[in-house]
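Asks: Dropping in final.pdb, with PDB, C-alpha atoms and all ligand atoms.
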```
MODEL        1
ATOM      1  CA  MET A1085      28.925 -14.346 -62.393
ATOM      2  CA  SER A1086      25.342 -13.117 -62.829
ATOM      3  CA  LYS A1087      22.436 -14.733 -61.067
ATOM      4  CA  SER A1088      19.869 -16.788 -62.964
ATOM      5  CA  ASN A1089      16.270 -15.571 -63.095
ATOM      6  CA  THR A1090      15.354 -18.337 -60.652
ATOM      7  CA  GLU A1091      17.901 -17.035 -58.148
ATOM      8  CA  LEU A1092      16.694 -13.468 -58.641
ATOM      9  CA  LEU A1093      13.112 -14.523 -57.973
ATOM     10  CA  LYS A1094      14.245 -15.749 -54.575
ATOM     11  CA  THR A1095      14.768 -12.204 -53.407
ATOM     12  CA  LYS A1096      11.749 -10.815 -51.643
ATOM     13  CA  PHE A1097      11.691  -7.667 -53.744
ATOM     14  CA  MET A1098      11.580  -9.642 -56.965
ATOM     15  CA  GLN A1099       8.849 -11.901 -55.619
ATOM     16  CA  LEU A1100       6.857  -8.877 -54.547
ATOM     17  CA  MET A1101       7.173  -7.276 -57.968
ATOM     18  CA  VAL A1102       6.356 -10.423 -59.941
ATOM     19  CA  ILE A1103       3.330 -11.348 -57.848
ATOM     20  CA  THR A1104       2.080  -7.744 -57.968
ATOM     21  CA  MET A1105       2.381  -7.822 -61.765
ATOM     22  CA  GLU A1106       0.524 -11.125 -61.902
ATOM     23  CA  GLU A1107      -2.274  -9.881 -59.650
ATOM     24  CA  CYS A1108      -2.641  -6.686 -61.689
ATOM     25  CA  GLY A1109      -2.961  -8.843 -64.796
ATOM     26  CA  GLU A1110      -5.626 -10.976 -63.145
ATOM     27  CA  LEU A1111      -7.536  -7.834 -62.156
ATOM     28  CA  ILE A1112      -7.382  -6.549 -65.722
ATOM     29  CA  GLN A1113      -8.817  -9.856 -66.937
ATOM     30  CA  GLU A1114     -11.693  -9.771 -64.452
ATOM     31  CA  CYS A1115     -12.473  -6.130 -65.316
ATOM     32  CA  SER A1116     -12.849  -7.223 -68.915
ATOM     33  CA  LYS A1117     -15.023 -10.236 -68.041
ATOM     34  CA  SER A1118     -17.245  -8.098 -65.810
ATOM     35  CA  MET A1119     -17.742  -5.627 -68.645
ATOM     36  CA  ARG A1120     -18.548  -8.389 -71.146
ATOM     37  CA  ARG A1121     -21.097  -9.845 -68.719
ATOM     38  CA  ASN A1122     -22.312  -6.405 -67.617
ATOM     39  CA  ASP A1123     -22.019  -7.741 -64.058
ATOM     40  CA  GLU A1124     -20.929  -5.306 -61.349
ATOM     41  CA  ASN A1125     -21.205  -8.056 -58.731
ATOM     42  CA  HIS A1126     -18.940 -10.522 -60.506
ATOM     43  CA  GLN A1127     -17.294 -12.309 -57.539
ATOM     44  CA  PRO A1128     -13.954 -12.949 -59.295
ATOM     45  CA  LEU A1129     -13.682  -9.180 -59.876
ATOM     46  CA  LYS A1130     -14.057  -8.600 -56.147
ATOM     47  CA  ASP A1131     -11.502 -11.316 -55.416
ATOM     48  CA  GLU A1132      -8.923  -9.773 -57.736
ATOM     49  CA  ILE A1133      -9.483  -6.268 -56.350
ATOM     50  CA  GLY A1134      -8.728  -7.781 -52.939
ATOM     51  CA  ASP A1135      -5.613  -9.527 -54.246
ATOM     52  CA  VAL A1136      -4.241  -6.274 -55.680
ATOM     53  CA  TYR A1137      -5.098  -4.467 -52.435
ATOM     54  CA  CYS A1138      -3.129  -7.137 -50.560
ATOM     55  CA  MET A1139      -0.101  -6.544 -52.796
ATOM     56  CA  ILE A1140      -0.370  -2.784 -52.232
ATOM     57  CA  GLN A1141      -0.393  -3.421 -48.488
ATOM     58  CA  LEU A1142       2.723  -5.594 -48.871
ATOM     59  CA  CYS A1143       4.394  -2.800 -50.878
ATOM     60  CA  LYS A1144       3.785  -0.619 -47.814
ATOM     61  CA  GLU A1145       5.170  -3.261 -45.453
ATOM     62  CA  TYR A1146       8.324  -3.520 -47.592
ATOM     63  CA  GLY A1147       8.790   0.257 -47.587
ATOM     64  CA  ILE A1148       8.208   0.787 -51.291
ATOM     65  CA  ILE A1149       5.427   3.225 -50.555
ATOM     66  CA  ASP A1150       3.929   4.726 -47.405
ATOM     67  CA  GLN A1151       0.430   5.860 -46.503
ATOM     68  CA  LYS A1152       1.291   9.548 -46.962
ATOM     69  CA  MET A1153       2.503   8.901 -50.519
ATOM     70  CA  LEU A1154      -0.619   6.862 -51.259
ATOM     71  CA  ASP A1155      -2.937   9.536 -49.865
ATOM     72  CA  GLU A1156      -1.197  12.227 -51.926
ATOM     73  CA  ARG A1157      -1.412  10.126 -55.070
ATOM     74  CA  VAL A1158      -5.098   9.360 -54.471
ATOM     75  CA  GLU A1159      -5.802  13.099 -54.287
ATOM     76  CA  TYR A1160      -3.778  13.714 -57.460
ATOM     77  CA  LYS A1161      -5.606  10.950 -59.320
ATOM     78  CA  LYS A1162      -9.034  12.064 -58.129
ATOM     79  CA  ASN A1163      -8.318  15.549 -59.427
ATOM     80  CA  LYS A1164      -7.392  14.104 -62.808
ATOM     81  CA  LEU A1165     -10.546  11.961 -62.824
ATOM     82  CA  LYS A1166     -12.658  15.041 -62.137
ATOM     83  CA  LYS A1167     -11.330  16.458 -65.364
ATOM     84  CA  TRP A1168     -11.374  13.352 -67.552
ATOM     85  CA  SER A1169     -14.350  11.335 -66.224
ATOM     86  CA  ASN A1170     -17.641  11.716 -64.428
ATOM     87  CA  LEU A1171     -16.695   9.290 -61.655
ATOM     88  CA  ILE A1172     -16.124  12.026 -59.087
TER      89      ILE A1172
HETATM   90 MG    MG B   1      -5.487 -13.123 -57.991
ENDMDL
END
```
Could I get this structure in the form of structure tokens?
Ligand SMILES: [Mg+2]
Replies:
Amino acid sequence: MSKSNTELLKTKFMQLMVITMEECGELIQECSKSMRRNDENHQPLKDEIGDVYCMIQLCKEYGIIDQKMLDERVEYKKNKLKKWSNLI
């Protein structure tokens, strides 16, 4: 017998994934609102960045990713941004 979605959401991994998805969605929304308002200091943007950072920290605590992997990926992404943006 397969588990219902409600039962699946009781597992910590599923909760972690769903809440991370939700927080990423909220961050996307606040990025858009900040752009529309041309407001770099939009407090909800800062709040949602913090929420996503919290979920990334929890992903580390649950062993999905470790600091070494994150550091390597940050370097990889920064190199890409050097090519495709003027952010770095
Ligand atoms: Mg949030």
Asks: So, with all atoms listed in the file as the atoms that count, which of A:Asp1150, A:Asp1135, A:Glu1114, A:Asp1155 lies closest to ligand MG 1 (chain B)?
Replies: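 Of A:Asp1150, A:Asp1135, A:Glu1114, A:Asp1155, the one nearest ligand MG 1 (chain B) is A:Asp1135, counting all atoms listed in the file.
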Asks: Can you sort out the box for range 1150-1162 of chain A, edges along x, y and z, all listed atoms in, 4 Å on every side, with centre and edge lengths in Å to one decimal, as lines of an AutoDock Vina configuration file?
Replies:
```
center_x = -2.6
center_y = 9.2
center_z = -52.9
size_x = 21.0
size_y = 17.0
size_z = 20.8
```
Asks: What does the distance from CA of Glu1156 in chain A to CA of Ile1172 in chain A come to in Å, to one decimal?
Replies: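 We find that CA of Glu1156 in chain A and CA of Ile1172 in chain A lie 16.6 Å from each other.
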Asks: Name every residue that the PyMOL selection byres (((chain A and resi 1104) around 9) and not hetatm) selects in this structure, writing the answer as a ChimeraX atom specification with chains first and numbers rising.
Replies: /A:1099-1103,1105-1109,1135-1136,1139-1140,1143
Asks: What gap, in Å, lies between CA of Lys1096 in chain A and atom MG of ligand MG 1 (chain B)?
Replies: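 Between CA of Lys1096 in chain A and atom MG of ligand MG 1 (chain B) the gap is 18.5 Å.
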Asks: Counting only C-alpha atoms and all ligand atoms, which residue out of A:Leu1142, A:Leu1129, A:Leu1171, A:Ile1148 sits closest to ligand MG 1 (chain B)?
Replies: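 With only C-alpha atoms and all ligand atoms as the atom set, the closest residue is A:Leu1129.
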Asks: What does the distance from atom MG of ligand MG 1 (chain B) to CA of Asp1131 in chain A come to in Å, to one decimal?
Replies: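 Computing the Euclidean distance for atom MG of ligand MG 1 (chain B) and CA of Asp1131 in chain A yields 6.8 Å.
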Asks: With only C-alpha atoms as the basis for distance, which of A:Cys1115, A:Leu1154, A:Ile1149, A:Leu1165 is at the shortest distance from Lys1130 in chain A?
Replies: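 Smallest separation from Lys1130 in chain A among the options: A:Cys1115.
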Asks: From the block you just saw, export range 1137-1150 of chain A: N, CA and C atoms, as a PDB file, in the first residue's frame.
Replies:
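Result written to selection39.pdb:
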```
ATOM      1  N   TYR A1137      18.284  31.233   3.281  1.00  0.00           N
ATOM      2  CA  TYR A1137      19.574  30.918   3.910  1.00  0.00           C
ATOM      3  C   TYR A1137      19.370  29.909   5.044  1.00  0.00           C
ATOM      4  N   CYS A1138      18.311  30.091   5.811  1.00  0.00           N
ATOM      5  CA  CYS A1138      17.974  29.138   6.876  1.00  0.00           C
ATOM      6  C   CYS A1138      17.751  27.743   6.300  1.00  0.00           C
ATOM      7  N   MET A1139      17.023  27.653   5.185  1.00  0.00           N
ATOM      8  CA  MET A1139      16.753  26.337   4.601  1.00  0.00           C
ATOM      9  C   MET A1139      18.034  25.709   4.064  1.00  0.00           C
ATOM     10  N   ILE A1140      18.939  26.531   3.529  1.00  0.00           N
ATOM     11  CA  ILE A1140      20.229  26.009   3.071  1.00  0.00           C
ATOM     12  C   ILE A1140      21.014  25.463   4.265  1.00  0.00           C
ATOM     13  N   GLN A1141      20.983  26.182   5.373  1.00  0.00           N
ATOM     14  CA  GLN A1141      21.660  25.687   6.575  1.00  0.00           C
ATOM     15  C   GLN A1141      21.061  24.355   7.031  1.00  0.00           C
ATOM     16  N   LEU A1142      19.727  24.236   6.963  1.00  0.00           N
ATOM     17  CA  LEU A1142      19.088  22.973   7.342  1.00  0.00           C
ATOM     18  C   LEU A1142      19.466  21.852   6.381  1.00  0.00           C
ATOM     19  N   CYS A1143      19.605  22.179   5.081  1.00  0.00           N
ATOM     20  CA  CYS A1143      20.065  21.169   4.114  1.00  0.00           C
ATOM     21  C   CYS A1143      21.450  20.654   4.500  1.00  0.00           C
ATOM     22  N   LYS A1144      22.281  21.537   5.054  1.00  0.00           N
ATOM     23  CA  LYS A1144      23.593  21.108   5.548  1.00  0.00           C
ATOM     24  C   LYS A1144      23.419  20.210   6.770  1.00  0.00           C
ATOM     25  N   GLU A1145      22.575  20.621   7.702  1.00  0.00           N
ATOM     26  CA  GLU A1145      22.377  19.843   8.924  1.00  0.00           C
ATOM     27  C   GLU A1145      21.825  18.446   8.637  1.00  0.00           C
ATOM     28  N   TYR A1146      21.045  18.320   7.553  1.00  0.00           N
ATOM     29  CA  TYR A1146      20.474  17.026   7.183  1.00  0.00           C
ATOM     30  C   TYR A1146      21.366  16.253   6.226  1.00  0.00           C
ATOM     31  N   GLY A1147      22.562  16.776   5.949  1.00  0.00           N
ATOM     32  CA  GLY A1147      23.539  16.037   5.156  1.00  0.00           C
ATOM     33  C   GLY A1147      23.292  16.023   3.662  1.00  0.00           C
ATOM     34  N   ILE A1148      22.410  16.911   3.200  1.00  0.00           N
ATOM     35  CA  ILE A1148      22.149  16.964   1.758  1.00  0.00           C
ATOM     36  C   ILE A1148      23.309  17.626   1.036  1.00  0.00           C
ATOM     37  N   ILE A1149      23.926  18.566   1.706  1.00  0.00           N
ATOM     38  CA  ILE A1149      25.067  19.272   1.138  1.00  0.00           C
ATOM     39  C   ILE A1149      26.015  19.611   2.288  1.00  0.00           C
ATOM     40  N   ASP A1150      27.306  19.749   1.974  1.00  0.00           N
ATOM     41  CA  ASP A1150      28.234  20.169   3.031  1.00  0.00           C
ATOM     42  C   ASP A1150      28.939  21.462   2.600  1.00  0.00           C
TER      43      ASP A1150
END
```
